[in-house]
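> Handing over upload-v2.cif, mmCIF, C-alpha atoms.
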data_start
loop_
_atom_site.group_PDB
_atom_site.id
_atom_site.type_symbol
_atom_site.label_atom_id
_atom_site.label_comp_id
_atom_site.auth_asym_id
_atom_site.auth_seq_id
_atom_site.Cartn_x
_atom_site.Cartn_y
_atom_site.Cartn_z
ATOM 1 C CA MET A 1 32.983 -121.174 -40.892
ATOM 2 C CA LEU A 2 29.214 -121.513 -40.956
ATOM 3 C CA ASP A 3 27.433 -121.079 -44.251
ATOM 4 C CA LYS A 4 23.858 -119.925 -44.620
ATOM 5 C CA VAL A 5 21.855 -122.323 -46.751
ATOM 6 C CA LEU A 6 18.664 -121.371 -48.564
ATOM 7 C CA ASN A 7 16.008 -123.977 -48.535
ATOM 8 C CA ARG A 8 12.421 -124.516 -49.593
ATOM 9 C CA PHE A 9 9.867 -126.241 -47.380
ATOM 10 C CA GLY A 10 8.704 -128.119 -50.464
ATOM 11 C CA PRO A 11 6.078 -127.337 -53.105
ATOM 12 C CA LYS A 12 4.894 -123.715 -53.228
ATOM 13 C CA ASP A 13 1.678 -124.563 -51.370
ATOM 14 C CA LYS A 14 3.632 -125.974 -48.393
ATOM 15 C CA GLY A 15 5.372 -122.815 -47.290
ATOM 16 C CA PRO A 16 7.951 -120.086 -47.814
ATOM 17 C CA TRP A 17 11.718 -120.209 -48.196
ATOM 18 C CA CYS A 18 14.000 -120.740 -45.223
ATOM 19 C CA PHE A 19 17.677 -120.512 -44.395
ATOM 20 C CA THR A 20 19.922 -121.979 -41.733
ATOM 21 C CA ASN A 21 23.404 -122.164 -40.303
ATOM 22 C CA TYR A 22 24.995 -125.189 -41.917
ATOM 23 C CA SER A 23 28.615 -126.240 -41.660
ATOM 24 C CA GLU A 24 28.917 -128.735 -44.523
ATOM 25 C CA ASP A 25 28.694 -128.351 -48.307
ATOM 26 C CA SER A 26 26.648 -125.227 -49.165
ATOM 27 C CA ASN A 27 24.892 -127.184 -51.959
ATOM 28 C CA PHE A 28 23.207 -129.450 -49.409
ATOM 29 C CA MET A 29 19.458 -128.961 -49.348
ATOM 30 C CA GLU A 30 16.831 -130.643 -47.241
ATOM 31 C CA SER A 31 13.059 -130.403 -47.281
ATOM 32 C CA CYS A 32 11.709 -128.846 -44.115
ATOM 33 C CA ASP A 33 8.342 -129.280 -42.506
ATOM 34 C CA LEU A 34 6.415 -126.791 -40.423
ATOM 35 C CA PRO A 35 7.192 -125.993 -37.701
ATOM 36 C CA LEU A 36 10.820 -125.320 -38.668
ATOM 37 C CA GLN A 37 13.068 -128.244 -37.816
ATOM 38 C CA GLY A 38 16.140 -130.023 -39.130
ATOM 39 C CA VAL A 39 18.438 -127.702 -41.060
ATOM 40 C CA CYS A 40 15.732 -125.034 -41.444
ATOM 41 C CA GLU A 41 16.071 -122.558 -38.602
ATOM 42 C CA PHE A 42 14.770 -119.258 -40.005
ATOM 43 C CA GLU A 43 11.898 -118.544 -42.362
ATOM 44 C CA CYS A 44 12.520 -115.982 -45.110
ATOM 45 C CA HIS A 45 10.051 -113.071 -45.138
ATOM 46 C CA CYS A 46 10.829 -111.616 -48.567
ATOM 47 C CA LYS A 47 8.497 -109.647 -50.845
ATOM 48 C CA LYS A 48 6.667 -111.754 -53.430
ATOM 49 C CA GLU A 49 7.694 -114.903 -51.511
ATOM 50 C CA GLU A 50 11.152 -114.718 -53.084
ATOM 51 C CA PRO A 51 13.981 -116.832 -51.684
ATOM 52 C CA CYS A 52 16.503 -115.209 -49.368
ATOM 53 C CA PHE A 53 20.035 -114.360 -50.413
ATOM 54 C CA TYR A 54 23.048 -115.779 -48.678
ATOM 55 C CA LEU A 55 22.819 -114.735 -44.985
ATOM 56 C CA GLY A 56 19.044 -114.308 -45.236
ATOM 57 C CA SER A 57 18.686 -110.864 -46.838
ATOM 58 C CA CYS A 58 15.951 -110.363 -49.433
ATOM 59 C CA PRO A 59 16.552 -109.215 -53.037
ATOM 60 C CA HIS A 60 13.645 -106.724 -53.108
ATOM 61 C CA GLY A 61 13.144 -106.089 -49.417
ATOM 62 C CA CYS A 62 10.945 -107.547 -46.744
ATOM 63 C CA HIS A 63 7.386 -108.773 -47.007
ATOM 64 C CA PRO A 64 4.978 -106.246 -45.433
ATOM 65 C CA GLY A 65 4.996 -106.675 -41.669
ATOM 66 C CA TRP A 66 8.699 -107.532 -41.452
ATOM 67 C CA MET A 67 11.831 -105.393 -41.257
ATOM 68 C CA ASN A 68 15.627 -105.178 -40.804
ATOM 69 C CA ALA A 69 18.394 -106.553 -43.010
ATOM 70 C CA THR A 70 17.340 -110.208 -42.783
ATOM 71 C CA CYS A 71 13.592 -109.548 -42.485
ATOM 72 C CA GLN A 72 13.453 -111.530 -39.247
ATOM 73 C CA THR A 73 11.902 -108.762 -37.122
ATOM 74 C CA LYS A 74 8.108 -108.384 -37.031
ATOM 75 C CA CYS A 75 6.633 -104.905 -36.914
ATOM 76 C CA GLU A 76 6.260 -103.628 -33.381
ATOM 77 C CA SER A 77 2.745 -103.266 -32.045
ATOM 78 C CA GLY A 78 0.928 -100.336 -33.655
ATOM 79 C CA ARG A 79 2.932 -100.463 -36.914
ATOM 80 C CA TYR A 80 2.426 -102.307 -40.219
ATOM 81 C CA GLY A 81 3.322 -102.555 -43.906
ATOM 82 C CA ASP A 82 6.513 -102.179 -45.949
ATOM 83 C CA GLY A 83 9.407 -101.666 -43.569
ATOM 84 C CA CYS A 84 6.851 -101.210 -40.758
ATOM 85 C CA ASN A 85 6.624 -97.548 -41.786
ATOM 86 C CA SER A 86 2.860 -97.111 -41.320
ATOM 87 C CA ASN A 87 0.939 -96.487 -38.102
ATOM 88 C CA CYS A 88 -2.133 -98.561 -37.288
ATOM 89 C CA GLY A 89 -5.492 -96.829 -37.154
ATOM 90 C CA GLU A 90 -7.867 -96.703 -34.205
ATOM 91 C CA CYS A 91 -8.522 -100.413 -33.677
ATOM 92 C CA LYS A 92 -11.191 -101.544 -31.207
ATOM 93 C CA SER A 93 -9.234 -104.436 -29.751
ATOM 94 C CA GLY A 94 -5.590 -105.231 -30.192
ATOM 95 C CA PRO A 95 -3.142 -104.016 -32.803
ATOM 96 C CA CYS A 96 -3.773 -104.069 -36.528
ATOM 97 C CA ASN A 97 -2.654 -106.762 -38.972
ATOM 98 C CA ILE A 98 1.112 -106.286 -39.474
ATOM 99 C CA GLU A 99 0.843 -106.876 -43.229
ATOM 100 C CA THR A 100 -2.293 -104.970 -44.258
ATOM 101 C CA GLY A 101 -3.019 -102.593 -41.358
ATOM 102 C CA GLU A 102 -6.616 -103.834 -41.116
ATOM 103 C CA CYS A 103 -8.215 -103.790 -37.683
ATOM 104 C CA GLU A 104 -9.356 -107.388 -37.400
ATOM 105 C CA GLY A 105 -11.550 -106.696 -34.350
ATOM 106 C CA GLY A 106 -13.161 -103.640 -35.954
ATOM 107 C CA CYS A 107 -12.736 -99.937 -35.274
ATOM 108 C CA ALA A 108 -12.865 -98.083 -31.988
ATOM 109 C CA ALA A 109 -15.896 -95.850 -31.465
ATOM 110 C CA GLY A 110 -15.862 -92.831 -33.781
ATOM 111 C CA TRP A 111 -13.764 -94.427 -36.538
ATOM 112 C CA LYS A 112 -14.562 -96.276 -39.764
ATOM 113 C CA GLY A 113 -12.965 -98.006 -42.763
ATOM 114 C CA THR A 114 -10.862 -101.154 -42.965
ATOM 115 C CA LEU A 115 -7.853 -99.289 -41.553
ATOM 116 C CA CYS A 116 -9.945 -97.336 -39.009
ATOM 117 C CA LYS A 117 -8.256 -94.065 -39.934
ATOM 118 C CA THR A 118 -11.380 -92.151 -40.985
ATOM 119 C CA GLU A 119 -13.531 -90.266 -38.478
ATOM 120 C CA CYS A 120 -17.304 -90.722 -38.585
ATOM 121 C CA ASP A 121 -19.129 -88.426 -41.004
ATOM 122 C CA PRO A 122 -20.579 -85.227 -39.490
ATOM 123 C CA GLY A 123 -23.812 -85.988 -37.658
ATOM 124 C CA ARG A 124 -22.712 -89.570 -36.800
ATOM 125 C CA TYR A 125 -20.753 -91.054 -33.909
ATOM 126 C CA GLY A 126 -19.977 -94.201 -31.939
ATOM 127 C CA ALA A 127 -19.259 -97.828 -32.817
ATOM 128 C CA ASN A 128 -19.315 -98.319 -36.594
ATOM 129 C CA CYS A 129 -20.521 -94.695 -36.819
ATOM 130 C CA SER A 130 -24.013 -96.117 -36.381
ATOM 131 C CA GLU A 131 -25.334 -93.510 -33.943
ATOM 132 C CA VAL A 132 -26.961 -90.252 -35.049
ATOM 133 C CA CYS A 133 -26.143 -87.028 -33.194
ATOM 134 C CA GLY A 134 -28.869 -85.569 -30.999
ATOM 135 C CA HIS A 135 -30.434 -82.138 -31.334
ATOM 136 C CA CYS A 136 -27.166 -80.194 -31.202
ATOM 137 C CA LEU A 137 -27.175 -76.434 -31.651
ATOM 138 C CA SER A 138 -24.201 -76.670 -34.022
ATOM 139 C CA GLY A 139 -25.754 -79.543 -35.980
ATOM 140 C CA SER A 140 -22.919 -81.930 -35.168
ATOM 141 C CA CYS A 141 -21.445 -83.760 -32.198
ATOM 142 C CA ARG A 142 -18.161 -85.288 -31.066
ATOM 143 C CA PHE A 143 -17.541 -88.264 -33.338
ATOM 144 C CA VAL A 144 -16.522 -90.613 -30.507
ATOM 145 C CA THR A 145 -18.966 -89.816 -27.671
ATOM 146 C CA GLY A 146 -21.857 -88.030 -29.385
ATOM 147 C CA ALA A 147 -21.621 -85.090 -26.964
ATOM 148 C CA CYS A 148 -22.918 -81.833 -28.427
ATOM 149 C CA VAL A 149 -20.429 -78.983 -28.575
ATOM 150 C CA GLY A 150 -22.068 -75.627 -27.964
ATOM 151 C CA GLY A 151 -25.247 -76.920 -26.389
ATOM 152 C CA CYS A 152 -28.668 -78.052 -27.544
ATOM 153 C CA ILE A 153 -31.346 -76.519 -29.688
ATOM 154 C CA PRO A 154 -34.289 -75.164 -27.651
ATOM 155 C CA GLY A 155 -36.442 -77.894 -26.157
ATOM 156 C CA TRP A 156 -33.618 -80.436 -25.753
ATOM 157 C CA GLN A 157 -31.123 -81.116 -22.962
ATOM 158 C CA GLY A 158 -28.413 -83.515 -21.806
ATOM 159 C CA GLU A 159 -24.846 -84.065 -22.943
ATOM 160 C CA LYS A 160 -26.057 -85.559 -26.239
ATOM 161 C CA CYS A 161 -29.178 -83.346 -26.489
ATOM 162 C CA GLN A 162 -31.404 -86.383 -26.694
ATOM 163 C CA ASP A 163 -33.635 -85.639 -23.681
ATOM 164 C CA ARG A 164 -36.751 -83.557 -24.258
ATOM 165 C CA ARG A 165 -36.906 -80.581 -21.933
ATOM 166 C CA CYS A 166 -40.215 -79.974 -20.169
ATOM 167 C CA HIS A 167 -41.024 -76.314 -19.545
ATOM 168 C CA SER A 168 -42.851 -75.406 -16.357
ATOM 169 C CA SER A 169 -44.876 -72.815 -18.267
ATOM 170 C CA SER A 170 -46.296 -75.427 -20.617
ATOM 171 C CA SER A 171 -49.753 -76.758 -20.110
ATOM 172 C CA ARG A 172 -50.683 -80.406 -20.218
ATOM 173 C CA GLN A 173 -53.800 -81.637 -21.912
ATOM 174 C CA LEU A 174 -55.307 -85.077 -21.374
ATOM 175 C CA ASP A 175 -56.534 -86.924 -24.423
ATOM 176 C CA ASN A 176 -59.635 -88.676 -23.094
ATOM 177 C CA VAL A 177 -59.479 -91.360 -25.776
ATOM 178 C CA SER A 178 -55.964 -92.701 -25.107
ATOM 179 C CA ASN A 179 -55.343 -91.315 -21.599
ATOM 180 C CA THR A 180 -52.135 -89.708 -22.912
ATOM 181 C CA TYR A 181 -50.844 -86.321 -21.842
ATOM 182 C CA TYR A 182 -49.632 -83.928 -24.539
ATOM 183 C CA ILE A 183 -47.247 -81.089 -23.731
ATOM 184 C CA ASN A 184 -47.904 -77.815 -25.493
#
For this file, write the structure as structure tokens.

Amino acid sequence: MLDKVLNRFGPKDKGPWCFTNYSEDSNFMESCDLPLQGVCEFECHCKKEEPCFYLGSCPHGCHPGWMNATCQTKCESGRYGDGCNSNCGECKSGPCNIETGECEGGCAAGWKGTLCKTECDPGRYGANCSEVCGHCLSGSCRFVTGACVGGCIPGWQGEKCQDRRCHSSSSRQLDNVSNTYYIN
């Protein structure tokens, strides 16, 4: 019958606990180096870096980002945290960090915060919420694209209401000093 043996890679700064299938005396311990080799086959992923129990289960559950009875299963893409119970936010590139949920590549357009779960404030849109809405009739725009819902205030046009509209009934006057036309 195979026993599971708990083991430590060495001093605390060298790594976490590990366990292995081992057929001899269950008191046998061996120092393991990274990557796992020798009698160390599986790294423990317990909360607070606690050692695993016999068979690899953790006394107080899995470290964030890991799940199942022996804490050997990483969170699937798009999930993070304790028991992988939280959904990632709107990350710009790739999934979020399985432990913290942070979007390491930043947020997708229209989202902000370390978890990228907060929409841009009204009147802002785009990457890092750094763009200001155009001259929207409603005063706000779509937080991702900047498109104005409900049209533009008079004198402005385009999807984002950022293009000045020229009226055919307006008259142009030439400033003789700067050779610039002014639209009335």
> Selected by the PyMOL selection byres ((chain A and resi 71-86) around 6) in the shown coordinates: which residues, as a PDB file with C-alpha atoms, keeping the file's coordinate frame?

ATOM      1  CA  HIS A  45      10.051-113.071 -45.138  1.00  0.00           C
ATOM      2  CA  CYS A  62      10.945-107.547 -46.744  1.00  0.00           C
ATOM      3  CA  PRO A  64       4.978-106.246 -45.433  1.00  0.00           C
ATOM      4  CA  GLY A  65       4.996-106.675 -41.669  1.00  0.00           C
ATOM      5  CA  TRP A  66       8.699-107.532 -41.452  1.00  0.00           C
ATOM      6  CA  MET A  67      11.831-105.393 -41.257  1.00  0.00           C
ATOM      7  CA  ASN A  68      15.627-105.178 -40.804  1.00  0.00           C
ATOM      8  CA  ALA A  69      18.394-106.553 -43.010  1.00  0.00           C
ATOM      9  CA  THR A  70      17.340-110.208 -42.783  1.00  0.00           C
ATOM     10  CA  ASN A  87       0.939 -96.487 -38.102  1.00  0.00           C
ATOM     11  CA  CYS A  88      -2.133 -98.561 -37.288  1.00  0.00           C
ATOM     12  CA  PRO A  95      -3.142-104.016 -32.803  1.00  0.00           C
ATOM     13  CA  ILE A  98       1.112-106.286 -39.474  1.00  0.00           C
ATOM     14  CA  GLU A  99       0.843-106.876 -43.229  1.00  0.00           C
ATOM     15  CA  GLY A 101      -3.019-102.593 -41.358  1.00  0.00           C
TER      16      GLY A 101
END
> What do you get, as JSON, numbers by chain, if you spell out every residue that the PyMOL selection byres ((chain A and resi 107-123) around 12) selects here?
{"A": [78, 79, 80, 81, 86, 87, 88, 89, 90, 91, 92, 93, 94, 95, 96, 97, 98, 99, 100, 101, 102, 103, 104, 105, 106, 124, 125, 126, 127, 128, 129, 130, 131, 132, 133, 134, 135, 136, 137, 138, 139, 140, 141, 142, 143, 144, 145, 146, 147, 148, 149, 160]}
> Can you translate the PyMOL selection byres ((chain A and resi 61) around 8) into the concrete residues it hits in this file, as a short mmCIF file (atom, residue, chain, number, x, y, z; two decimals) with C-alpha atoms, in the coordinates of the input?

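selection-v1.cif written:
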data_model
loop_
_atom_site.label_atom_id
_atom_site.label_comp_id
_atom_site.auth_asym_id
_atom_site.auth_seq_id
_atom_site.Cartn_x
_atom_site.Cartn_y
_atom_site.Cartn_z
CA CYS A 46 10.83 -111.62 -48.57
CA LYS A 47 8.50 -109.65 -50.84
CA SER A 57 18.69 -110.86 -46.84
CA CYS A 58 15.95 -110.36 -49.43
CA PRO A 59 16.55 -109.22 -53.04
CA HIS A 60 13.64 -106.72 -53.11
CA CYS A 62 10.94 -107.55 -46.74
CA HIS A 63 7.39 -108.77 -47.01
CA CYS A 71 13.59 -109.55 -42.48
#
> With N, CA, C and O atoms as the target, complete stretch 143-157 of chain A and hand it back as a short mmCIF file (atom, residue, chain, number, x, y, z; two decimals), in the frame of the given file.

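Contents of out-v9.cif, as written:
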data_model
loop_
_atom_site.label_atom_id
_atom_site.label_comp_id
_atom_site.auth_asym_id
_atom_site.auth_seq_id
_atom_site.Cartn_x
_atom_site.Cartn_y
_atom_site.Cartn_z
N PHE A 143 -17.40 -87.02 -32.58
CA PHE A 143 -17.54 -88.26 -33.34
C PHE A 143 -17.34 -89.53 -32.52
O PHE A 143 -17.77 -90.60 -32.92
N VAL A 144 -16.72 -89.43 -31.35
CA VAL A 144 -16.52 -90.61 -30.51
C VAL A 144 -17.67 -90.78 -29.52
O VAL A 144 -18.28 -91.84 -29.43
N THR A 145 -18.01 -89.72 -28.77
CA THR A 145 -18.97 -89.82 -27.67
C THR A 145 -20.37 -89.37 -28.01
O THR A 145 -21.32 -89.73 -27.32
N GLY A 146 -20.54 -88.55 -29.04
CA GLY A 146 -21.86 -88.03 -29.38
C GLY A 146 -22.24 -86.78 -28.61
O GLY A 146 -23.33 -86.25 -28.77
N ALA A 147 -21.34 -86.29 -27.75
CA ALA A 147 -21.62 -85.09 -26.96
C ALA A 147 -21.73 -83.88 -27.89
O ALA A 147 -20.94 -83.73 -28.82
N CYS A 148 -22.72 -83.04 -27.62
CA CYS A 148 -22.92 -81.83 -28.43
C CYS A 148 -22.00 -80.72 -27.95
O CYS A 148 -21.92 -80.44 -26.77
N VAL A 149 -21.30 -80.11 -28.88
CA VAL A 149 -20.43 -78.98 -28.58
C VAL A 149 -21.25 -77.72 -28.80
O VAL A 149 -21.84 -77.55 -29.85
N GLY A 150 -21.33 -76.88 -27.80
CA GLY A 150 -22.07 -75.63 -27.96
C GLY A 150 -23.52 -75.70 -27.51
O GLY A 150 -24.27 -74.77 -27.71
N GLY A 151 -23.91 -76.82 -26.95
CA GLY A 151 -25.25 -76.92 -26.39
C GLY A 151 -26.28 -77.51 -27.33
O GLY A 151 -25.98 -78.01 -28.41
N CYS A 152 -27.54 -77.43 -26.85
CA CYS A 152 -28.67 -78.05 -27.54
C CYS A 152 -29.58 -77.00 -28.15
O CYS A 152 -29.62 -75.86 -27.69
N ILE A 153 -30.33 -77.42 -29.16
CA ILE A 153 -31.35 -76.52 -29.69
C ILE A 153 -32.46 -76.41 -28.63
O ILE A 153 -32.59 -77.30 -27.79
N PRO A 154 -33.23 -75.33 -28.65
CA PRO A 154 -34.29 -75.16 -27.65
C PRO A 154 -35.23 -76.37 -27.60
O PRO A 154 -35.59 -76.93 -28.63
N GLY A 155 -35.54 -76.77 -26.37
CA GLY A 155 -36.44 -77.89 -26.16
C GLY A 155 -35.73 -79.21 -25.90
O GLY A 155 -36.38 -80.22 -25.64
N TRP A 156 -34.38 -79.20 -25.98
CA TRP A 156 -33.62 -80.44 -25.75
C TRP A 156 -32.53 -80.18 -24.71
O TRP A 156 -32.05 -79.07 -24.56
N GLN A 157 -32.13 -81.24 -24.02
CA GLN A 157 -31.12 -81.12 -22.96
C GLN A 157 -30.31 -82.40 -22.87
O GLN A 157 -30.60 -83.38 -23.54
#
